[in-house]
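Please read the structure below before turning to the comments.
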Amino acid sequence: MSPMRFGGSSVREDVAVVIRETTVSVLTKQGDLEKEKEKEKPEEDRKLECPICFEAMKPPAATSCGHVFCNSCIRSYVSTKHICPTCSKHLTIKDITTLYL
Ligand SMILES: [Zn+2]
Ligand SMILES: [Zn+2]
């Protein structure tokens with residue numbers, strides 16, 4: 001058994017280990033990215049939902065602070081509480097603009 005040959009095979013094993021570890025970490029990163037994409041999807045859908053009734057906004061209405069709700073939800077909310085449900089800014093019915101998309 002020659003020490004040169006032993007050394008050679010040992011280096012090759014080290015390279016193989018490094019490649020395997022790199023592959024595993026790349027695969028893990030891709031898996032995380034795909035998970036984050038899956039997480040983002042429902043949030044995108046939620047943006048189109050009214051934060052008061054969690055239904056699609058038909059029609060939507062915007063407050064003067066820039067938050068969007070169902071026209072009927074935000075009007076009844078503001079007429080009783082006089083604040084924005086999202087940021088608690090003081091609002092009146094006049095601060096609500098119905099959006100016609
Ligand atoms: Zn609503
Ligand atoms: Zn607001």
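Identifiers for the structure tokens are assigned positionally: chains receive A, B, ... in sequence, residues are indexed from 1 per chain, and ligands are indexed from 1 in the order shown.
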
Which residues are near stretch 94-97 of chain A? Cut-off 9 Å, only C-alpha atoms, ignore same chain within fewer than 4 positions. Put them as JSON, numbers by chain.
{"A": [60, 61, 62, 63, 64, 65, 71, 74, 75, 78]}

Atoms kept (C-alpha atoms) for selection, written as a tab-separated table (two decimals), in the first residue's frame:
```
chain	number	residue	atom	x	y	z
A	60	PRO	CA	-64.08	48.48	-1.93
A	61	ALA	CA	-63.85	51.81	-0.14
A	62	ALA	CA	-60.69	53.65	0.92
A	63	THR	CA	-60.25	55.73	4.05
A	64	SER	CA	-58.30	59.01	4.14
A	65	CYS	CA	-55.47	57.07	5.87
A	71	ASN	CA	-67.84	49.99	1.33
A	74	ILE	CA	-66.19	50.55	6.74
A	75	ARG	CA	-69.22	52.84	6.60
A	78	VAL	CA	-66.85	54.34	11.14
```

Please provide the set of residues having any atom within 9 Å of A:Ser79, restricted to only C-alpha atoms, with same-chain residues fewer than 5 positions apart removed, written as a ChimeraX atom specification.
/A:74,91-93

Once you count only C-alpha atoms and all ligand atoms, which residues end up within 7 Å of ligand 2, and could you hand them over as an NGL selection string?
:A and (63 or 65-67 or 84-89)

Could you give me, as a PyMOL selection string, every polymer residue with an atom at most 9 Å away from an atom of ligand 1, counting only C-alpha atoms and all ligand atoms?
chain A and resi 49-58+60+69-74

Store the residues picked out above in a file with C-alpha atoms, as a compact mmCIF listing (two decimals), in the first residue's frame.
```
# COMPACT_ATOMS: atom_id res chain seq x y z
CA GLU A 49 -60.16 40.68 1.56
CA CYS A 50 -61.92 43.13 3.80
CA PRO A 51 -60.21 43.10 7.26
CA ILE A 52 -63.62 43.49 8.90
CA CYS A 53 -65.65 40.67 7.31
CA PHE A 54 -62.80 38.73 5.57
CA GLU A 55 -64.79 38.57 2.37
CA ALA A 56 -63.92 39.98 -1.03
CA MET A 57 -64.53 43.73 -1.09
CA LYS A 58 -67.48 44.53 -3.35
CA PRO A 60 -64.08 48.48 -1.93
CA PHE A 69 -62.42 47.79 3.27
CA CYS A 70 -65.85 46.85 1.91
CA ASN A 71 -67.84 49.99 1.33
CA SER A 72 -70.64 48.72 3.61
CA CYS A 73 -68.28 47.40 6.35
CA ILE A 74 -66.19 50.55 6.74
```
